[in-house]
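As stored in entry39.pdb (PDB, C-alpha atoms):
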ATOM      1  CA  MET A   2      92.006 164.134  90.206  1.00  0.00           C
ATOM      2  CA  GLU A   3      95.551 164.386  88.903  1.00  0.00           C
ATOM      3  CA  LEU A   4      98.334 162.714  90.853  1.00  0.00           C
ATOM      4  CA  GLN A   5     101.472 164.711  91.502  1.00  0.00           C
ATOM      5  CA  LEU A   6     104.159 162.198  90.524  1.00  0.00           C
ATOM      6  CA  SER A   7     107.836 162.722  89.789  1.00  0.00           C
ATOM      7  CA  GLN A   8     109.203 162.087  86.315  1.00  0.00           C
ATOM      8  CA  ASN A   9     110.906 158.940  87.652  1.00  0.00           C
ATOM      9  CA  ALA A  10     107.615 157.598  88.981  1.00  0.00           C
ATOM     10  CA  LYS A  11     105.854 158.326  85.679  1.00  0.00           C
ATOM     11  CA  LEU A  12     108.572 156.590  83.665  1.00  0.00           C
ATOM     12  CA  LEU A  13     108.548 153.629  86.035  1.00  0.00           C
ATOM     13  CA  TYR A  14     104.767 153.374  85.777  1.00  0.00           C
ATOM     14  CA  MET A  15     105.004 153.259  81.969  1.00  0.00           C
ATOM     15  CA  LEU A  16     107.614 150.491  82.091  1.00  0.00           C
ATOM     16  CA  LEU A  17     105.603 148.452  84.589  1.00  0.00           C
ATOM     17  CA  TYR A  18     102.378 149.001  82.652  1.00  0.00           C
ATOM     18  CA  ASP A  19     104.013 147.822  79.441  1.00  0.00           C
ATOM     19  CA  ARG A  20     105.404 144.728  81.170  1.00  0.00           C
ATOM     20  CA  ALA A  21     101.983 144.025  82.730  1.00  0.00           C
ATOM     21  CA  ARG A  22     100.336 144.171  79.302  1.00  0.00           C
ATOM     22  CA  ILE A  23     102.810 141.572  78.026  1.00  0.00           C
ATOM     23  CA  SER A  24     102.150 139.372  81.059  1.00  0.00           C
ATOM     24  CA  GLN A  25      98.400 139.703  80.551  1.00  0.00           C
ATOM     25  CA  LYS A  26      98.753 138.796  76.885  1.00  0.00           C
ATOM     26  CA  ASN A  27     100.682 135.673  77.946  1.00  0.00           C
ATOM     27  CA  GLU A  28      97.972 134.925  80.531  1.00  0.00           C
ATOM     28  CA  TRP A  29     100.372 135.149  83.486  1.00  0.00           C
ATOM     29  CA  MET A  30      97.608 135.724  86.031  1.00  0.00           C
ATOM     30  CA  ASP A  31      96.487 134.149  89.265  1.00  0.00           C
ATOM     31  CA  LYS A  32      92.966 132.866  89.988  1.00  0.00           C
ATOM     32  CA  GLN A  33      91.809 136.347  91.049  1.00  0.00           C
ATOM     33  CA  GLY A  34      92.936 137.813  87.710  1.00  0.00           C
ATOM     34  CA  ARG A  35      95.974 139.630  89.145  1.00  0.00           C
ATOM     35  CA  VAL A  36      98.793 139.914  86.619  1.00  0.00           C
ATOM     36  CA  PHE A  37     102.290 138.638  87.426  1.00  0.00           C
ATOM     37  CA  VAL A  38     105.096 141.028  86.532  1.00  0.00           C
ATOM     38  CA  VAL A  39     108.756 140.113  86.934  1.00  0.00           C
ATOM     39  CA  PHE A  40     110.973 143.156  86.546  1.00  0.00           C
ATOM     40  CA  PRO A  41     114.095 143.137  88.768  1.00  0.00           C
ATOM     41  CA  ILE A  42     115.268 146.434  90.258  1.00  0.00           C
ATOM     42  CA  THR A  43     118.581 146.144  88.416  1.00  0.00           C
ATOM     43  CA  GLU A  44     116.801 145.810  85.060  1.00  0.00           C
ATOM     44  CA  LEU A  45     114.475 148.704  85.869  1.00  0.00           C
ATOM     45  CA  SER A  46     117.516 150.764  86.828  1.00  0.00           C
ATOM     46  CA  GLU A  47     119.172 150.040  83.480  1.00  0.00           C
ATOM     47  CA  LYS A  48     116.025 150.772  81.456  1.00  0.00           C
ATOM     48  CA  MET A  49     115.402 154.042  83.286  1.00  0.00           C
ATOM     49  CA  GLY A  50     119.041 155.113  83.342  1.00  0.00           C
ATOM     50  CA  LYS A  51     118.717 155.723  87.083  1.00  0.00           C
ATOM     51  CA  CYS A  52     120.413 154.310  90.162  1.00  0.00           C
ATOM     52  CA  ARG A  53     118.728 151.569  92.171  1.00  0.00           C
ATOM     53  CA  SER A  54     117.803 153.922  95.005  1.00  0.00           C
ATOM     54  CA  SER A  55     116.002 156.221  92.541  1.00  0.00           C
ATOM     55  CA  VAL A  56     114.023 153.250  91.242  1.00  0.00           C
ATOM     56  CA  LYS A  57     113.145 152.173  94.780  1.00  0.00           C
ATOM     57  CA  ASN A  58     112.045 155.719  95.641  1.00  0.00           C
ATOM     58  CA  ALA A  59     109.854 155.821  92.525  1.00  0.00           C
ATOM     59  CA  LEU A  60     108.333 152.439  93.432  1.00  0.00           C
ATOM     60  CA  LYS A  61     107.515 153.760  96.908  1.00  0.00           C
ATOM     61  CA  GLU A  62     106.019 156.895  95.382  1.00  0.00           C
ATOM     62  CA  LEU A  63     103.744 154.804  93.149  1.00  0.00           C
ATOM     63  CA  GLU A  64     102.777 152.565  96.049  1.00  0.00           C
ATOM     64  CA  ASP A  65     101.938 155.571  98.213  1.00  0.00           C
ATOM     65  CA  ALA A  66      99.840 157.021  95.383  1.00  0.00           C
ATOM     66  CA  GLY A  67      97.876 153.776  95.199  1.00  0.00           C
TER
END
Written as structure tokens, how would this file's structure read?
Amino acid sequence: MELQLSQNAKLLYMLLYDRARISQKNEWMDKQGRVFVVFPITELSEKMGKCRSSVKNALKELEDAG
């Protein structure tokens, strides 16, 4: 099954995935093995070259996609 995601959501996913890999490498996880990722909206906005509302919409899109 292929998810129908916008380009913004795909780019955001890649940035979050990369940050999660770094967190995992640094063992920033809770007792259940969930990885901590700190990536403020403003920083995501700068990295993506998009406004904050576009980043928030992409985050919602990823959340809705599961």
Next on the checklist: Ranking A:Gln33, A:Leu13, A:Leu63, A:Glu3 by minimum distance to Leu45 of chain A and counting all atoms listed in the file, which one comes first?
Outcome noted: A:Leu13
Item to check | Picked residues, the PyMOL selection byres ((chain A and resi 24) around 12), expected as a PyMOL selection string | outcome: chain A and resi 17-23+25-31+34-40
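Reported to one decimal place, the separation of atom CA of Gly67 of chain A from atom CA of Arg53 of chain A is 21.2 Å.
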Item to check | Answer key for the PyMOL selection byres ((chain A and resi 56) around 8), residues as a list in words | outcome: Asn9, Leu13, Ile42, Leu45, Ser46, Lys51, Cys52, Arg53, Ser54, Ser55, Lys57, Asn58, Ala59 and Leu60 of chain A
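When atom CA of Glu44 of chain A is paired with atom CA of Gln5 of chain A, their separation reads 25.2 Å.
Atom to atom, atom CA of Thr43 of chain A and atom CA of Glu64 of chain A stand 18.7 Å apart.
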Find the smallest box with edges along x, y and z containing every listed atom of segment 51-61 of chain A, then add 4 Å on each side and report centre and edge lengths in Å to one decimal, as AutoDock Vina command-line options.
--center_x 114.0 --center_y 153.9 --center_z 92.0 --size_x 20.9 --size_y 12.7 --size_z 17.8
